[in-house]
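Novice: For reference, this is my_file.pdb, and it has PDB, C-alpha atoms.
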ATOM      1  CA  LYS X 153      74.911 149.851 118.997
ATOM      2  CA  ARG X 154      78.247 149.222 117.285
ATOM      3  CA  PRO X 155      77.971 148.134 113.639
ATOM      4  CA  LEU X 156      80.123 145.221 112.524
ATOM      5  CA  PRO X 157      83.216 146.470 110.657
ATOM      6  CA  GLN X 158      82.904 145.865 106.935
ATOM      7  CA  LYS X 159      86.274 144.097 106.886
ATOM      8  CA  CYS X 160      84.837 141.480 109.259
ATOM      9  CA  LEU X 161      81.854 140.592 107.110
ATOM     10  CA  ILE X 162      82.015 137.066 105.762
ATOM     11  CA  MET X 163      79.925 135.936 102.802
ATOM     12  CA  ARG X 164      78.841 132.294 102.995
ATOM     13  CA  SER X 165      76.689 130.344 100.577
ATOM     14  CA  GLN X 166      73.335 129.027 101.766
ATOM     15  CA  ASN X 167      74.723 125.502 101.507
ATOM     16  CA  SER X 168      77.710 126.289 103.708
ATOM     17  CA  PRO X 169      78.264 123.538 106.325
ATOM     18  CA  ILE X 170      78.881 126.195 108.931
ATOM     19  CA  LEU X 171      75.486 127.831 108.327
ATOM     20  CA  LYS X 172      73.788 124.448 108.597
ATOM     21  CA  ALA X 173      75.656 123.697 111.847
ATOM     22  CA  LYS X 174      74.650 127.074 113.288
ATOM     23  CA  GLU X 175      71.009 126.566 112.367
ATOM     24  CA  ASN X 176      71.112 123.120 113.950
ATOM     25  CA  LEU X 177      72.504 124.610 117.168
ATOM     26  CA  ARG X 178      69.765 127.256 117.289
ATOM     27  CA  THR X 179      67.087 124.599 116.732
ATOM     28  CA  VAL X 180      68.450 122.230 119.376
ATOM     29  CA  LEU X 181      68.897 125.074 121.881
ATOM     30  CA  ALA X 182      65.286 126.216 121.378
ATOM     31  CA  GLU X 183      64.020 122.650 121.800
ATOM     32  CA  ARG X 184      65.911 122.390 125.100
ATOM     33  CA  HIS X 185      64.467 125.687 126.410
ATOM     34  CA  SER X 186      67.765 127.560 126.084
ATOM     35  CA  ILE X 187      69.624 125.256 128.496
ATOM     36  CA  SER X 188      73.181 125.382 127.141
ATOM     37  CA  ASP X 189      74.580 122.483 129.190
ATOM     38  CA  HIS X 190      72.051 119.953 127.860
ATOM     39  CA  PRO X 191      73.918 117.017 126.227
ATOM     40  CA  LYS X 192      72.177 117.569 122.869
ATOM     41  CA  VAL X 193      73.200 121.232 122.890
ATOM     42  CA  SER X 194      76.774 120.244 123.778
ATOM     43  CA  GLU X 195      76.815 117.887 120.786
ATOM     44  CA  ALA X 196      75.563 120.651 118.479
ATOM     45  CA  ILE X 197      78.245 123.034 119.789
ATOM     46  CA  GLU X 198      81.001 120.479 119.235
ATOM     47  CA  SER X 199      79.786 119.839 115.685
ATOM     48  CA  LEU X 200      79.740 123.564 114.922
ATOM     49  CA  ILE X 201      83.252 124.091 116.294
ATOM     50  CA  GLU X 202      84.575 121.196 114.211
ATOM     51  CA  VAL X 203      83.061 122.586 111.000
ATOM     52  CA  TRP X 204      84.179 126.130 111.879
ATOM     53  CA  LYS X 205      87.830 125.219 112.365
ATOM     54  CA  LYS X 206      87.870 123.188 109.169
ATOM     55  CA  GLU X 207      86.183 125.861 107.060
ATOM     56  CA  ASP X 208      88.000 128.770 108.698
ATOM     57  CA  SER X 209      91.388 127.204 108.007
ATOM     58  CA  THR X 210      90.842 127.791 104.286
ATOM     59  CA  ILE X 211      90.633 131.569 104.853
ATOM     60  CA  THR X 212      94.020 133.289 104.832
ATOM     61  CA  SER X 213      93.061 136.913 105.571
ATOM     62  CA  PRO X 214      93.511 137.573 109.361
ATOM     63  CA  PRO X 215      90.349 139.689 109.863
ATOM     64  CA  TYR X 216      88.254 136.708 108.807
ATOM     65  CA  GLN X 217      90.185 133.798 110.286
ATOM     66  CA  ALA X 218      88.819 133.992 113.822
ATOM     67  CA  SER X 219      89.319 130.340 114.757
ATOM     68  CA  ALA X 220      93.109 130.660 115.006
ATOM     69  CA  ALA X 221      92.926 133.294 117.763
ATOM     70  CA  PRO X 222      89.309 134.254 118.617
ATOM     71  CA  ALA X 223      90.286 136.180 121.769
ATOM     72  CA  ARG X 224      92.335 138.552 119.595
ATOM     73  CA  SER X 225      89.675 139.134 116.939
ATOM     74  CA  GLU X 226      87.797 142.388 116.336
ATOM     75  CA  LEU X 227      84.715 140.239 115.831
ATOM     76  CA  LEU X 228      84.433 140.266 119.647
ATOM     77  CA  LEU X 229      83.443 143.933 119.574
ATOM     78  CA  GLY X 230      79.789 144.922 119.463
ATOM     79  CA  GLU X 231      76.493 144.305 121.219
ATOM     80  CA  TRP X 232      75.416 140.714 121.863
ATOM     81  CA  ARG X 233      72.098 139.193 122.962
ATOM     82  CA  SER X 234      72.071 135.944 124.906
ATOM     83  CA  LEU X 235      70.387 132.940 123.296
ATOM     84  CA  SER X 236      71.197 130.626 126.200
ATOM     85  CA  ALA X 237      69.513 130.922 129.585
ATOM     86  CA  SER X 238      71.420 132.557 132.413
ATOM     87  CA  LYS X 239      71.906 130.228 135.360
ATOM     88  CA  TYR X 240      71.790 131.415 138.968
ATOM     89  CA  PRO X 241      71.302 129.448 142.196
ATOM     90  CA  ASP X 242      67.807 128.395 143.303
ATOM     91  CA  ARG X 243      65.802 128.897 140.147
ATOM     92  CA  ILE X 244      62.059 129.174 140.836
ATOM     93  CA  GLU X 245      60.456 126.577 138.576
ATOM     94  CA  LYS X 246      57.094 127.394 136.982
ATOM     95  CA  PRO X 247      55.050 124.231 136.257
ATOM     96  CA  GLY X 248      54.322 123.896 132.540
ATOM     97  CA  GLU X 249      56.611 126.839 131.638
ATOM     98  CA  PRO X 250      60.144 125.449 131.223
ATOM     99  CA  GLY X 251      61.223 128.483 129.238
ATOM    100  CA  ILE X 252      60.558 130.920 132.100
ATOM    101  CA  PHE X 253      63.562 131.662 134.327
ATOM    102  CA  GLN X 254      62.743 133.214 137.670
ATOM    103  CA  TYR X 255      64.959 133.971 140.656
ATOM    104  CA  THR X 256      64.830 136.198 143.682
ATOM    105  CA  LEU X 257      66.585 139.547 143.348
ATOM    106  CA  GLY X 258      69.028 138.364 146.000
ATOM    107  CA  ARG X 259      70.012 135.293 143.990
ATOM    108  CA  LEU X 260      70.435 137.375 140.837
ATOM    109  CA  SER X 261      72.829 139.740 142.621
ATOM    110  CA  PHE X 262      74.618 137.551 145.198
ATOM    111  CA  ASN X 263      72.422 139.163 147.887
ATOM    112  CA  ILE X 264      73.667 142.647 147.024
ATOM    113  CA  PHE X 265      70.412 144.271 145.888
ATOM    114  CA  GLN X 266      67.320 144.613 148.092
ATOM    115  CA  PRO X 267      64.638 143.501 148.723
ATOM    116  CA  LYS X 268      66.437 140.220 148.188
ATOM    117  CA  LYS X 269      63.259 138.088 148.302
ATOM    118  CA  LEU X 270      61.606 139.968 145.438
ATOM    119  CA  VAL X 271      60.840 137.461 142.649
ATOM    120  CA  CYS X 272      62.085 138.475 139.196
ATOM    121  CA  THR X 273      61.802 136.989 135.709
ATOM    122  CA  VAL X 274      64.876 137.257 133.495
ATOM    123  CA  ASN X 275      63.706 138.523 130.106
ATOM    124  CA  GLU X 276      66.876 139.177 128.134
ATOM    125  CA  VAL X 277      70.600 139.524 128.767
ATOM    126  CA  PHE X 278      72.899 141.737 126.700
ATOM    127  CA  ASN X 279      76.685 141.971 126.586
ATOM    128  CA  VAL X 280      78.336 145.053 125.090
ATOM    129  CA  VAL X 281      82.041 144.887 124.215
ATOM    130  CA  SER X 282      83.659 148.188 123.201
ATOM    131  CA  LYS X 283      87.324 148.801 122.474
ATOM    132  CA  ILE X 284      89.248 150.951 124.934
ATOM    133  CA  GLU X 285      92.231 152.990 123.823
ATOM    134  CA  ASP X 286      94.849 152.066 126.396
ATOM    135  CA  ASP X 287      98.579 152.640 126.787
ATOM    136  CA  GLN X 288      98.952 148.917 127.504
ATOM    137  CA  GLN X 289      97.160 147.945 124.296
ATOM    138  CA  LYS X 290      99.204 145.588 122.116
ATOM    139  CA  ASP X 291      98.636 145.043 118.410
ATOM    140  CA  ASP X 292      97.266 141.513 118.794
ATOM    141  CA  ASN X 293      95.463 142.008 122.112
ATOM    142  CA  VAL X 294      91.963 143.195 122.940
ATOM    143  CA  ILE X 295      91.406 145.565 125.856
ATOM    144  CA  ALA X 296      87.742 146.477 125.991
ATOM    145  CA  SER X 297      84.820 147.361 128.200
ATOM    146  CA  TYR X 298      82.689 144.293 128.905
ATOM    147  CA  ASN X 299      79.308 145.421 130.189
ATOM    148  CA  ASN X 300      76.267 143.269 130.911
ATOM    149  CA  VAL X 301      72.623 144.318 131.100
ATOM    150  CA  ILE X 302      70.019 141.944 132.539
ATOM    151  CA  GLU X 303      66.485 143.014 131.647
ATOM    152  CA  LEU X 304      64.029 141.881 134.335
ATOM    153  CA  THR X 305      60.406 141.933 135.353
ATOM    154  CA  ALA X 306      60.065 142.314 139.119
ATOM    155  CA  HIS X 307      56.827 140.815 140.449
ATOM    156  CA  THR X 308      55.140 142.638 143.333
ATOM    157  CA  ASP X 309      51.763 142.060 144.996
ATOM    158  CA  GLU X 310      50.451 145.152 143.202
ATOM    159  CA  GLY X 311      51.847 144.541 139.735
ATOM    160  CA  ASP X 312      54.958 144.003 137.641
ATOM    161  CA  LEU X 313      57.889 146.378 137.326
ATOM    162  CA  PRO X 314      60.404 146.525 134.461
ATOM    163  CA  ALA X 315      63.956 146.715 135.830
ATOM    164  CA  GLU X 316      67.582 146.300 134.805
ATOM    165  CA  ILE X 317      70.725 145.093 136.495
ATOM    166  CA  CYS X 318      73.676 146.762 134.770
ATOM    167  CA  MET X 319      77.217 145.543 135.394
ATOM    168  CA  ASP X 320      80.355 147.406 134.324
ATOM    169  CA  GLY X 321      83.342 145.284 133.385
ATOM    170  CA  ARG X 322      86.534 145.079 131.414
ATOM    171  CA  CYS X 323      88.194 142.305 129.424
ATOM    172  CA  SER X 324      91.705 141.764 128.106
ATOM    173  CA  THR X 325      93.384 139.106 126.002
ATOM    174  CA  LYS X 326      95.316 136.475 127.954
ATOM    175  CA  SER X 327      95.878 133.960 125.166
ATOM    176  CA  ASP X 328      94.592 133.163 121.677
ATOM    177  CA  GLU X 329      91.405 131.684 123.162
ATOM    178  CA  ARG X 330      91.102 133.309 126.610
ATOM    179  CA  LEU X 331      89.861 136.670 127.833
ATOM    180  CA  GLU X 332      90.343 137.817 131.401
ATOM    181  CA  VAL X 333      87.153 139.482 132.650
ATOM    182  CA  VAL X 334      86.767 141.781 135.645
ATOM    183  CA  PHE X 335      83.499 143.333 136.832
ATOM    184  CA  THR X 336      83.972 146.530 138.825
ATOM    185  CA  ALA X 337      80.482 147.916 139.475
ATOM    186  CA  GLY X 338      76.779 147.198 139.207
ATOM    187  CA  GLU X 339      73.493 149.064 139.508
ATOM    188  CA  LEU X 340      69.799 148.256 139.797
ATOM    189  CA  ARG X 341      67.877 150.614 137.516
ATOM    190  CA  LYS X 342      64.304 151.370 136.621
ATOM    191  CA  GLY X 343      63.124 149.974 133.308
ATOM    192  CA  ALA X 344      62.369 152.569 130.627
ATOM    193  CA  ALA X 345      58.598 152.118 131.050
ATOM    194  CA  VAL X 346      58.806 153.041 134.750
ATOM    195  CA  GLN X 347      60.261 156.470 134.011
ATOM    196  CA  SER X 348      57.300 157.469 131.846
ATOM    197  CA  ASP X 349      54.455 155.946 133.884
ATOM    198  CA  LYS X 350      53.350 157.617 137.115
ATOM    199  CA  LYS X 351      51.665 154.481 138.455
ATOM    200  CA  LEU X 352      54.716 152.334 137.812
ATOM    201  CA  LEU X 353      56.969 155.000 139.296
ATOM    202  CA  ALA X 354      54.843 155.116 142.458
ATOM    203  CA  LEU X 355      54.924 151.307 142.688
ATOM    204  CA  TRP X 356      58.708 151.357 142.251
ATOM    205  CA  GLU X 357      59.105 153.820 145.100
ATOM    206  CA  LYS X 358      56.809 151.759 147.312
ATOM    207  CA  THR X 359      58.657 148.520 146.502
ATOM    208  CA  PHE X 360      62.208 149.752 147.007
ATOM    209  CA  GLU X 361      61.818 152.621 149.501
ATOM    210  CA  GLY X 362      63.801 151.880 152.661
ATOM    211  CA  ALA X 363      64.700 148.364 151.464
ATOM    212  CA  TYR X 364      68.388 148.625 152.396
ATOM    213  CA  ALA X 365      67.753 150.180 155.797
ATOM    214  CA  LYS X 366      65.256 147.415 156.556
ATOM    215  CA  ALA X 367      67.675 144.716 155.418
ATOM    216  CA  GLU X 368      70.403 146.175 157.617
ATOM    217  CA  LYS X 369      68.171 145.948 160.691
ATOM    218  CA  GLU X 370      67.138 142.375 159.914
ATOM    219  CA  LYS X 371      70.649 141.149 159.120
ATOM    220  CA  GLY X 372      71.879 138.338 161.368
ATOM    221  CA  PHE X 373      75.345 137.958 162.888
ATOM    222  CA  LYS X 374      76.568 135.412 160.319
ATOM    223  CA  GLU X 375      75.369 137.503 157.378
ATOM    224  CA  SER X 376      76.968 140.629 158.877
ATOM    225  CA  ILE X 377      80.348 138.912 159.238
ATOM    226  CA  LEU X 378      80.173 137.498 155.710
ATOM    227  CA  GLN X 379      79.300 140.881 154.200
ATOM    228  CA  TRP X 380      82.104 142.565 156.143
ATOM    229  CA  LEU X 381      84.605 140.023 154.816
ATOM    230  CA  VAL X 382      83.434 140.491 151.221
ATOM    231  CA  LYS X 383      83.519 144.286 151.502
ATOM    232  CA  SER X 384      87.013 144.197 152.982
ATOM    233  CA  MET X 385      88.398 141.710 150.472
ATOM    234  CA  LEU X 386      87.001 143.536 147.426
ATOM    235  CA  ASN X 387      87.247 147.076 148.852
ATOM    236  CA  MET X 388      83.564 147.298 148.028
ATOM    237  CA  THR X 389      80.963 149.991 148.559
ATOM    238  CA  MET X 390      77.432 148.607 148.876
ATOM    239  CA  PRO X 391      74.170 150.004 147.469
ATOM    240  CA  THR X 392      71.993 152.172 149.696
ATOM    241  CA  ASP X 393      68.464 153.541 149.651
ATOM    242  CA  GLU X 394      69.888 156.705 148.114
ATOM    243  CA  CYS X 395      71.917 154.944 145.395
ATOM    244  CA  ALA X 396      71.296 151.347 144.306
ATOM    245  CA  LYS X 397      74.860 150.874 143.036
ATOM    246  CA  TYR X 398      77.906 148.955 144.219
ATOM    247  CA  GLU X 399      81.562 149.407 143.294
ATOM    248  CA  MET X 400      84.618 147.206 143.791
ATOM    249  CA  LYS X 401      88.104 148.703 143.942
ATOM    250  CA  ARG X 402      89.720 145.235 144.240
ATOM    251  CA  PRO X 403      87.486 143.063 142.053
ATOM    252  CA  MET X 404      87.971 139.337 141.584
ATOM    253  CA  LYS X 405      89.292 138.257 138.191
ATOM    254  CA  GLY X 406      87.574 135.647 136.042
ATOM    255  CA  TYR X 407      87.933 134.494 132.481
ATOM    256  CA  VAL X 408      86.033 133.262 129.450
ATOM    257  CA  ASP X 409      87.357 130.915 126.795
ATOM    258  CA  VAL X 410      86.096 131.785 123.309
ATOM    259  CA  LEU X 411      84.957 128.468 121.855
ATOM    260  CA  TYR X 412      83.366 129.876 118.699
ATOM    261  CA  LEU X 413      83.269 133.298 117.060
ATOM    262  CA  ASP X 414      82.047 134.628 113.747
ATOM    263  CA  GLU X 415      80.245 137.698 112.418
ATOM    264  CA  ASP X 416      76.941 136.960 114.209
ATOM    265  CA  LEU X 417      77.468 134.213 116.814
ATOM    266  CA  ARG X 418      79.751 133.780 119.827
ATOM    267  CA  ILE X 419      80.088 130.867 122.256
ATOM    268  CA  THR X 420      82.142 131.093 125.446
ATOM    269  CA  ARG X 421      82.882 128.956 128.481
ATOM    270  CA  GLY X 422      83.428 130.752 131.794
ATOM    271  CA  ASN X 423      85.835 129.873 134.591
ATOM    272  CA  TYR X 424      83.017 128.012 136.392
ATOM    273  CA  GLY X 425      82.219 126.002 133.270
ATOM    274  CA  SER X 426      79.061 127.836 132.171
ATOM    275  CA  ILE X 427      78.436 127.884 128.414
ATOM    276  CA  VAL X 428      77.051 131.160 127.040
ATOM    277  CA  ILE X 429      75.700 131.422 123.483
ATOM    278  CA  VAL X 430      75.040 134.923 122.134
ATOM    279  CA  GLU X 431      74.022 136.504 118.842
ATOM    280  CA  ARG X 432      75.070 139.892 117.540
ATOM    281  CA  VAL X 433      72.527 142.724 117.795
ATOM    282  CA  THR X 434      72.426 144.477 114.438
ATOM    283  CA  GLU X 435      69.155 146.433 114.391
TER     284      GLU X 435
END
Would it be possible to restate this file's structure as structure tokens?
Specialist:
Amino acid sequence: KRPLPQKCLIMRSQNSPILKAKENLRTVLAERHSISDHPKVSEAIESLIEVWKKEDSTITSPPYQASAAPARSELLLGEWRSLSASKYPDRIEKPGEPGIFQYTLGRLSFNIFQPKKLVCTVNEVFNVVSKIEDDQQKDDNVIASYNNVIELTAHTDEGDLPAEICMDGRCSTKSDERLEVVFTAGELRKGAAVQSDKKLLALWEKTFEGAYAKAEKEKGFKESILQWLVKSMLNMTMPTDECAKYEMKRPMKGYVDVLYLDEDLRITRGNYGSIVIVERVTE
């Protein structure tokens, strides 16, 4: 975990409007089961941004004044935990449990990881941004690794399995508010508990053994053509039964606009319009 640089620490009084606006956002988000595109959450975000820009404008020292150019700020660096729910296609709704977010493994990975029909619960999502020393680095730009970890529980007929989807990426500053983001690789990994538990390890092997070979045999003509096109376009190597990892030599580029950034909270909007609210991991 990367500690927050001391020069980026900001002392605010307990009566600070920005602290009240942040607390309001957290409360509203929790009441709406972490759904970041709910109208009430959108209102709370807009109120926070308004207070932030007004209060931040009174700070003249560049390390602290993030609102003027958040995509160039060192406050971006560190480990972040998602407060808002991740949205993927075809969520599996659980009656009476609106705060539980379940998807098939296929939907979580754009049908890359197998078995794609395996139901998984998303527990937590982390984003780790670490500065990269690069010859193309400019004084006011950020070039950094931008890695995501999705902590899951995979549900099998014989029990639950902790798992992780880890995605390797990179981000760079494109404007004062925008970061270009590129993901180059991803891997399905055993959760830490699986490694130290013989029963869980045996269940993991049973669940995933031969999954890619089986999927290849069952793949229809349309799916085969689509996968071939994706692999060719992205120069992509797919996961196998020997190595559950994919890599892209020609990855697609996306972006995130930094809507809000301070020492412990970040809000971004992606190129598809998704709003992501994260808090800094400090422990």
Novice: Give one line per residue of range 209-317 of chain X that approaches range 378-383 of chain X to at most 12 Å, naming the two atoms of the closest pair and their distance in Å to one decimal, counting all atoms listed in the file; sort by chain then ascending residue number and deliver it as CSV.
Specialist:
residue,atom,partner,partner_atom,distance
X:Phe262,CA,X:Gln379,CA,10.7
X:Asn263,CA,X:Gln379,CA,9.5
X:Ile264,CA,X:Gln379,CA,9.3
Novice: As a check of understanding, name the residues that the PyMOL selection byres ((chain X and resi 254) around 7) selects in the supplied structure, as a PyMOL selection string.
Specialist: chain X and resi 243-244+252-253+255+271-274
Novice: What do you get, as a PDB file with C-alpha atoms, in the frame of the given file, if you spell out every residue that the PyMOL selection byres ((chain X and resi 340) around 12) selects here?
Specialist:
ATOM      1  CA  LEU X 257      66.585 139.547 143.348  1.00  0.00           C
ATOM      2  CA  GLY X 258      69.028 138.364 146.000  1.00  0.00           C
ATOM      3  CA  LEU X 260      70.435 137.375 140.837  1.00  0.00           C
ATOM      4  CA  SER X 261      72.829 139.740 142.621  1.00  0.00           C
ATOM      5  CA  ILE X 264      73.667 142.647 147.024  1.00  0.00           C
ATOM      6  CA  PHE X 265      70.412 144.271 145.888  1.00  0.00           C
ATOM      7  CA  GLN X 266      67.320 144.613 148.092  1.00  0.00           C
ATOM      8  CA  PRO X 267      64.638 143.501 148.723  1.00  0.00           C
ATOM      9  CA  VAL X 301      72.623 144.318 131.100  1.00  0.00           C
ATOM     10  CA  ILE X 302      70.019 141.944 132.539  1.00  0.00           C
ATOM     11  CA  GLU X 303      66.485 143.014 131.647  1.00  0.00           C
ATOM     12  CA  LEU X 304      64.029 141.881 134.335  1.00  0.00           C
ATOM     13  CA  ALA X 306      60.065 142.314 139.119  1.00  0.00           C
ATOM     14  CA  PRO X 314      60.404 146.525 134.461  1.00  0.00           C
ATOM     15  CA  ALA X 315      63.956 146.715 135.830  1.00  0.00           C
ATOM     16  CA  GLU X 316      67.582 146.300 134.805  1.00  0.00           C
ATOM     17  CA  ILE X 317      70.725 145.093 136.495  1.00  0.00           C
ATOM     18  CA  CYS X 318      73.676 146.762 134.770  1.00  0.00           C
ATOM     19  CA  MET X 319      77.217 145.543 135.394  1.00  0.00           C
ATOM     20  CA  ASP X 320      80.355 147.406 134.324  1.00  0.00           C
ATOM     21  CA  ALA X 337      80.482 147.916 139.475  1.00  0.00           C
ATOM     22  CA  GLY X 338      76.779 147.198 139.207  1.00  0.00           C
ATOM     23  CA  GLU X 339      73.493 149.064 139.508  1.00  0.00           C
ATOM     24  CA  ARG X 341      67.877 150.614 137.516  1.00  0.00           C
ATOM     25  CA  LYS X 342      64.304 151.370 136.621  1.00  0.00           C
ATOM     26  CA  GLY X 343      63.124 149.974 133.308  1.00  0.00           C
ATOM     27  CA  TRP X 356      58.708 151.357 142.251  1.00  0.00           C
ATOM     28  CA  PHE X 360      62.208 149.752 147.007  1.00  0.00           C
ATOM     29  CA  MET X 390      77.432 148.607 148.876  1.00  0.00           C
ATOM     30  CA  PRO X 391      74.170 150.004 147.469  1.00  0.00           C
ATOM     31  CA  THR X 392      71.993 152.172 149.696  1.00  0.00           C
ATOM     32  CA  ASP X 393      68.464 153.541 149.651  1.00  0.00           C
ATOM     33  CA  GLU X 394      69.888 156.705 148.114  1.00  0.00           C
ATOM     34  CA  CYS X 395      71.917 154.944 145.395  1.00  0.00           C
ATOM     35  CA  ALA X 396      71.296 151.347 144.306  1.00  0.00           C
ATOM     36  CA  LYS X 397      74.860 150.874 143.036  1.00  0.00           C
ATOM     37  CA  TYR X 398      77.906 148.955 144.219  1.00  0.00           C
TER      38      TYR X 398
END
Novice: For a test of reading the model, state the distance in Å between CA of Phe278 in chain X and CA of Val430 in chain X, rounded to one decimal.
Specialist: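 Distance reported for this atom pair: 8.5 Å.
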Novice: CA of Leu411 in chain X and CA of Ile201 in chain X, how far apart in Å?
Specialist: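 Here the two named atoms are 7.3 Å from each other.
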